[in-house]
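Structure data follow from run.cif (mmCIF, C-alpha atoms):
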data_target
loop_
_atom_site.label_atom_id
_atom_site.label_comp_id
_atom_site.auth_asym_id
_atom_site.auth_seq_id
_atom_site.Cartn_x
_atom_site.Cartn_y
_atom_site.Cartn_z
CA MET Z 870 57.44 59.02 -14.07
CA ASP Z 871 59.43 62.10 -13.35
CA GLU Z 872 61.19 64.60 -15.60
CA VAL Z 873 60.07 63.03 -18.89
CA TYR Z 874 62.13 64.74 -21.57
CA GLU Z 875 63.44 62.02 -23.87
CA ILE Z 876 60.11 60.60 -24.98
CA ALA Z 877 59.97 59.95 -28.76
CA SER Z 878 63.70 60.53 -29.05
CA ASN Z 879 65.30 60.16 -32.47
CA GLN Z 880 67.64 57.64 -30.83
CA CYS Z 881 64.78 55.26 -29.97
CA ASP Z 882 63.89 52.85 -32.78
CA ARG Z 883 60.48 52.01 -31.23
CA CYS Z 884 59.20 55.55 -30.64
CA ARG Z 885 61.14 57.74 -33.11
CA GLY Z 886 58.77 60.13 -34.89
CA LYS Z 887 55.72 59.25 -32.80
CA ASN Z 888 53.51 61.81 -31.10
CA ARG Z 889 54.92 62.57 -27.64
CA ALA Z 890 51.51 63.27 -26.09
CA ASP Z 891 50.22 59.91 -27.34
CA LEU Z 892 53.23 58.06 -25.93
CA PHE Z 893 52.97 59.89 -22.62
CA GLU Z 894 49.23 59.19 -22.43
CA LYS Z 895 49.79 55.48 -23.13
CA ALA Z 896 52.41 55.24 -20.38
CA VAL Z 897 50.14 57.00 -17.86
CA ARG Z 898 47.12 54.88 -18.87
CA ASP Z 899 49.18 51.69 -18.52
CA MET Z 900 50.20 52.76 -15.00
CA HIS Z 901 46.61 53.77 -14.22
CA GLN Z 902 45.38 50.33 -15.33
CA HIS Z 903 47.90 48.65 -13.04
CA ILE Z 904 47.58 50.97 -10.03
CA VAL Z 905 43.90 51.91 -10.04
CA THR Z 906 42.07 49.17 -11.93
CA HIS Z 907 44.13 46.17 -10.91
CA HIS Z 908 45.21 47.14 -7.37
CA GLN Z 909 42.42 49.63 -6.56
CA ILE Z 910 44.86 52.23 -5.25
CA GLU Z 911 44.34 55.93 -5.79
CA MET Z 912 46.83 57.35 -8.28
CA MET Z 913 48.72 60.63 -8.02
CA MET Z 914 51.12 62.08 -10.54
CA TRP Z 915 53.28 65.17 -10.93
CA GLY Z 916 51.57 67.68 -13.19
CA ASP Z 917 54.57 69.40 -14.79
CA ARG Z 918 54.48 67.43 -18.05
CA LEU Z 919 50.78 68.36 -18.44
CA ILE Z 920 51.40 72.11 -18.31
CA GLU Z 921 52.07 74.01 -21.54
CA ALA Z 922 55.13 76.14 -20.75
CA ASN Z 923 54.46 78.94 -23.25
CA ARG Z 924 50.80 79.31 -22.29
CA PHE Z 925 51.45 79.58 -18.56
CA GLY Z 926 54.89 81.21 -18.57
CA TYR Z 927 56.80 78.42 -16.84
CA ASP Z 928 60.24 77.09 -17.75
CA ASN Z 929 60.98 73.58 -19.05
CA TRP Z 930 61.39 72.21 -15.51
CA GLU Z 931 57.97 73.28 -14.25
CA ALA Z 932 56.19 72.72 -17.55
CA ASP Z 933 56.37 70.90 -20.85
CA THR Z 934 58.06 72.26 -23.97
CA PHE Z 935 57.96 68.99 -25.98
CA GLY Z 936 54.23 68.40 -26.51
CA THR Z 937 53.29 65.98 -23.71
CA PHE Z 938 50.97 68.67 -22.25
CA GLU Z 939 48.35 67.74 -24.85
CA ALA Z 940 47.66 64.52 -22.94
CA VAL Z 941 45.97 66.54 -20.15
CA LYS Z 942 42.67 66.41 -22.05
CA SER Z 943 42.52 62.64 -22.39
CA LEU Z 944 43.91 61.12 -19.18
CA PRO Z 945 41.60 59.55 -16.58
CA LYS Z 946 40.12 62.28 -14.37
CA ASP Z 947 40.42 60.21 -11.19
CA ILE Z 948 44.18 60.85 -11.12
CA ILE Z 949 45.17 63.39 -8.47
CA ILE Z 950 47.53 65.97 -9.99
CA LEU Z 951 50.41 67.10 -7.78
CA ASP Z 952 51.12 70.57 -9.14
CA TRP Z 953 54.57 71.58 -7.85
CA HIS Z 954 55.98 75.09 -7.87
CA TYR Z 955 59.01 76.08 -5.84
CA ASP Z 956 59.74 79.69 -6.76
CA GLU Z 957 57.79 82.93 -6.49
CA ARG Z 958 56.09 84.25 -9.62
CA GLU Z 959 54.81 87.77 -10.19
CA GLN Z 960 52.01 86.38 -12.35
CA GLY Z 961 50.89 83.91 -9.66
CA PHE Z 962 50.13 80.22 -10.01
CA PRO Z 963 47.36 79.58 -12.55
CA THR Z 964 47.81 75.84 -13.02
CA PRO Z 965 46.03 74.40 -9.96
CA GLY Z 966 42.89 76.17 -11.22
CA TYR Z 967 43.62 74.97 -14.76
CA PHE Z 968 43.82 71.34 -13.63
CA MET Z 969 40.58 71.72 -11.65
CA GLU Z 970 38.90 73.15 -14.77
CA GLN Z 971 40.11 70.11 -16.71
CA GLY Z 972 38.31 67.86 -14.18
CA TYR Z 973 41.20 66.72 -11.99
CA ARG Z 974 41.58 66.82 -8.24
CA VAL Z 975 44.68 68.84 -7.39
CA MET Z 976 47.21 69.05 -4.58
CA PRO Z 977 49.54 72.03 -5.02
CA ALA Z 978 53.06 71.24 -3.83
CA CYS Z 979 55.78 73.58 -2.60
CA TRP Z 980 59.27 73.03 -1.28
CA PHE Z 981 60.89 75.09 1.50
CA LYS Z 982 60.00 78.70 0.64
CA GLN Z 983 57.19 79.76 2.93
CA ASN Z 984 56.16 82.76 0.81
CA VAL Z 985 55.76 80.47 -2.22
CA ALA Z 986 53.74 77.97 -0.17
CA LYS Z 987 51.44 80.65 1.16
CA ASN Z 988 50.84 82.22 -2.27
CA LEU Z 989 50.47 78.90 -4.11
CA PHE Z 990 48.10 77.38 -1.55
CA THR Z 991 46.07 80.57 -1.15
CA GLN Z 992 45.64 81.04 -4.89
CA ALA Z 993 44.68 77.38 -5.41
CA LYS Z 994 42.06 77.60 -2.67
CA GLU Z 995 40.69 80.90 -4.07
CA ASP Z 996 40.62 79.47 -7.61
CA ALA Z 997 38.71 76.41 -6.42
CA LYS Z 998 36.13 78.64 -4.77
CA ARG Z 999 35.90 80.99 -7.79
CA LEU Z 1000 35.52 78.07 -10.22
CA GLY Z 1001 33.05 76.18 -8.02
CA THR Z 1002 35.47 73.25 -7.84
CA ASP Z 1003 36.07 73.07 -4.07
CA ASP Z 1004 35.68 69.30 -4.28
CA ARG Z 1005 38.71 69.15 -6.60
CA TYR Z 1006 41.02 71.06 -4.27
CA PHE Z 1007 42.37 67.97 -2.54
CA GLY Z 1008 44.85 69.52 -0.10
CA ASN Z 1009 48.46 70.72 -0.02
CA ILE Z 1010 51.87 69.07 -0.06
CA VAL Z 1011 55.19 70.29 1.27
CA THR Z 1012 57.90 68.32 -0.55
CA SER Z 1013 61.54 67.65 0.13
CA TRP Z 1014 64.24 66.52 -2.27
CA HIS Z 1015 66.82 65.71 0.32
CA HIS Z 1016 68.27 62.68 2.09
CA TRP Z 1017 66.52 62.12 5.41
CA ASP Z 1018 68.43 61.29 8.56
CA GLN Z 1019 68.24 62.51 12.18
CA SER Z 1020 70.04 65.71 11.30
CA ALA Z 1021 67.66 66.44 8.42
CA PHE Z 1022 64.59 65.87 10.61
CA ALA Z 1023 66.02 68.15 13.25
CA LYS Z 1024 66.55 70.84 10.62
CA ILE Z 1025 63.02 70.55 9.18
CA ASN Z 1026 61.64 70.68 12.71
CA GLN Z 1027 63.66 73.83 13.27
CA ILE Z 1028 62.28 75.34 10.05
CA VAL Z 1029 58.67 74.31 10.69
CA LEU Z 1030 58.57 75.11 14.39
CA GLY Z 1031 61.13 77.87 14.47
CA LYS Z 1032 63.19 75.96 17.00
CA LEU Z 1033 65.17 72.75 17.26
CA THR Z 1034 63.41 69.84 18.97
CA ASN Z 1035 64.55 66.37 20.03
CA GLU Z 1036 61.94 64.68 17.84
CA SER Z 1037 63.43 62.67 15.01
CA ASP Z 1038 60.50 60.41 14.18
CA GLU Z 1039 59.73 60.62 10.44
CA GLN Z 1040 55.97 60.48 10.99
CA VAL Z 1041 56.02 63.35 13.47
CA CYS Z 1042 58.03 65.45 11.02
CA LEU Z 1043 55.72 64.67 8.12
CA LEU Z 1044 52.69 65.56 10.23
CA LYS Z 1045 54.32 68.88 11.05
CA ASN Z 1046 54.84 69.49 7.32
CA ILE Z 1047 51.14 68.82 6.79
CA GLU Z 1048 50.27 71.16 9.65
CA MET Z 1049 52.46 73.85 8.10
CA ALA Z 1050 50.75 73.39 4.71
CA ASN Z 1051 47.33 73.66 6.34
CA LEU Z 1052 48.32 76.76 8.28
CA LEU Z 1053 49.71 78.42 5.17
CA SER Z 1054 46.54 77.75 3.18
CA SER Z 1055 44.06 78.94 5.80
#
The structure in this file should be written as structure tokens.
Amino acid sequence: MDEVYEIASNQCDRCRGKNRADLFEKAVRDMHQHIVTHHQIEMMMWGDRLIEANRFGYDNWEADTFGTFEAVKSLPKDIIILDWHYDEREQGFPTPGYFMEQGYRVMPACWFKQNVAKNLFTQAKEDAKRLGTDDRYFGNIVTSWHHWDQSAFAKINQIVLGKLTNESDEQVCLLKNIEMANLLSS
């Protein structure tokens, strides 16, 4: 599920007037049952709908303004939360620590801004240490919302390495993204 905004819409006969957090929780639990219990695959999910926008000072893209955030307390704790943030914030990034405090393993996720990646990953690592939840800091992710072709891989290689290479293999590029995330968080 991504960008869940229309849950419990007045235009839906089945869910009109129902509690959005309850509906969101049911959907996540149904997926968890299928993915984790039935197929025994580790489950990850984006954390934005579990963040209370007003409490943490995020907008409605990075956090919830409709009430689904209340489900954070009752979802299975073996879900890995992918906590994405793409823009710099003067007040820092409190939500990776928040998710760790709630009992989840967390992977903070950035996009292409290196200063954001460095600050997000550094703060998440420091929060894990401060909270005594190092075991819940599961690593870092560098995302991309972009079509991938040879030209795109060449460009990401140029960004990551600071130069253009002839490598166009998707796995090599993804490994370089992981290396960049590790470098930025150390």
Selection result for the PyMOL selection byres ((chain Z and resi 944) around 8) on this file, as a PDB file with C-alpha atoms, in the coordinates of the input:
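Contents of expr.pdb, freshly written:
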ATOM      1  CA  GLU Z 894      49.230  59.190 -22.430  1.00  0.00           C
ATOM      2  CA  VAL Z 897      50.140  57.000 -17.860  1.00  0.00           C
ATOM      3  CA  ARG Z 898      47.120  54.880 -18.870  1.00  0.00           C
ATOM      4  CA  ALA Z 940      47.660  64.520 -22.940  1.00  0.00           C
ATOM      5  CA  VAL Z 941      45.970  66.540 -20.150  1.00  0.00           C
ATOM      6  CA  LYS Z 942      42.670  66.410 -22.050  1.00  0.00           C
ATOM      7  CA  SER Z 943      42.520  62.640 -22.390  1.00  0.00           C
ATOM      8  CA  PRO Z 945      41.600  59.550 -16.580  1.00  0.00           C
ATOM      9  CA  LYS Z 946      40.120  62.280 -14.370  1.00  0.00           C
TER      10      LYS Z 946
END
Checklist entry - Rounded to one decimal in Å, what is the spacing between CA of Val975 in chain Z and CA of Asn988 in chain Z? => result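 CA of Val975 in chain Z sits 15.6 Å away from CA of Asn988 in chain Z.
We find CA of Glu970 in chain Z and CA of Trp915 in chain Z to be spaced 16.9 Å apart.
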Item to check | Contact residues around range 871-877 of chain Z with only C-alpha atoms at 7 Å, ignoring same-chain residues under 5 positions, as a list in words | outcome: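 Returned residues: Cys884, Arg885, Gly886, Lys887 and Arg889 of chain Z.
With CA of Ala932 in chain Z on one side and CA of Thr991 in chain Z on the other, the separation reads 20.8 Å.
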Item to check | Residues matched by the PyMOL selection byres ((chain Z and resi 1013) around 8), written as a ChimeraX atom specification | outcome: /Z:980-981,1011-1012,1014-1015
Selected by the PyMOL selection byres ((chain Z and resi 933) around 10) in the shown coordinates: which residues, as a PDB file with C-alpha atoms, in the frame of the given file?
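Below is the file part-v9.pdb, written as the result:
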ATOM      1  CA  GLU Z 872      61.190  64.600 -15.600  1.00  0.00           C
ATOM      2  CA  VAL Z 873      60.070  63.030 -18.890  1.00  0.00           C
ATOM      3  CA  TYR Z 874      62.130  64.740 -21.570  1.00  0.00           C
ATOM      4  CA  GLY Z 916      51.570  67.680 -13.190  1.00  0.00           C
ATOM      5  CA  ASP Z 917      54.570  69.400 -14.790  1.00  0.00           C
ATOM      6  CA  ARG Z 918      54.480  67.430 -18.050  1.00  0.00           C
ATOM      7  CA  LEU Z 919      50.780  68.360 -18.440  1.00  0.00           C
ATOM      8  CA  ILE Z 920      51.400  72.110 -18.310  1.00  0.00           C
ATOM      9  CA  GLU Z 921      52.070  74.010 -21.540  1.00  0.00           C
ATOM     10  CA  ALA Z 922      55.130  76.140 -20.750  1.00  0.00           C
ATOM     11  CA  ASN Z 923      54.460  78.940 -23.250  1.00  0.00           C
ATOM     12  CA  TYR Z 927      56.800  78.420 -16.840  1.00  0.00           C
ATOM     13  CA  ASP Z 928      60.240  77.090 -17.750  1.00  0.00           C
ATOM     14  CA  ASN Z 929      60.980  73.580 -19.050  1.00  0.00           C
ATOM     15  CA  TRP Z 930      61.390  72.210 -15.510  1.00  0.00           C
ATOM     16  CA  GLU Z 931      57.970  73.280 -14.250  1.00  0.00           C
ATOM     17  CA  ALA Z 932      56.190  72.720 -17.550  1.00  0.00           C
ATOM     18  CA  THR Z 934      58.060  72.260 -23.970  1.00  0.00           C
ATOM     19  CA  PHE Z 935      57.960  68.990 -25.980  1.00  0.00           C
ATOM     20  CA  GLY Z 936      54.230  68.400 -26.510  1.00  0.00           C
ATOM     21  CA  THR Z 937      53.290  65.980 -23.710  1.00  0.00           C
ATOM     22  CA  PHE Z 938      50.970  68.670 -22.250  1.00  0.00           C
ATOM     23  CA  GLU Z 939      48.350  67.740 -24.850  1.00  0.00           C
TER      24      GLU Z 939
END
Tyr955 in chain Z environment, 8 Å, all atoms listed in the file, sequence neighbours closer than 5 positions dropped, as a PDB file with C-alpha atoms, keeping the file's coordinate frame:
ATOM      1  CA  ALA Z 978      53.060  71.240  -3.830  1.00  0.00           C
ATOM      2  CA  CYS Z 979      55.780  73.580  -2.600  1.00  0.00           C
ATOM      3  CA  TRP Z 980      59.270  73.030  -1.280  1.00  0.00           C
ATOM      4  CA  PHE Z 981      60.890  75.090   1.500  1.00  0.00           C
ATOM      5  CA  LYS Z 982      60.000  78.700   0.640  1.00  0.00           C
ATOM      6  CA  VAL Z 985      55.760  80.470  -2.220  1.00  0.00           C
ATOM      7  CA  ALA Z 986      53.740  77.970  -0.170  1.00  0.00           C
TER       8      ALA Z 986
END
Next on the checklist: Taking 2 positions as the minimum chain separation for residues in the same chain, which residues sit within 8 Å of Thr964 in chain Z when counting all atoms listed in the file? Answer as a list in words.
Outcome noted: Ile920, Phe925, Asp952, Phe962, Gly966, Tyr967 and Phe968 of chain Z
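Using all atoms listed in the file, the smallest distance between any of Z:Asn879, Z:Gln902, Z:Asn1009, Z:Gln983 and Pro965 in chain Z comes from Z:Asn1009.
The residue that comes closest to Gly1001 in chain Z, out of Z:Ile948, Z:Gly972, Z:Asn888, Z:His907 and on the basis of all atoms listed in the file, is Z:Gly972.
Considering only C-alpha atoms, the residue among Z:Ile910, Z:Ala896, Z:Met976, Z:Ile950 positioned nearest to Lys994 in chain Z is Z:Met976.
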Checklist entry - Which of these residues is nearest to Met914 in chain Z, using only C-alpha atoms: Z:Arg883, Z:Arg974, Z:Lys998, Z:Arg958? => result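 With only C-alpha atoms as the atom set, the closest residue is Z:Arg974.
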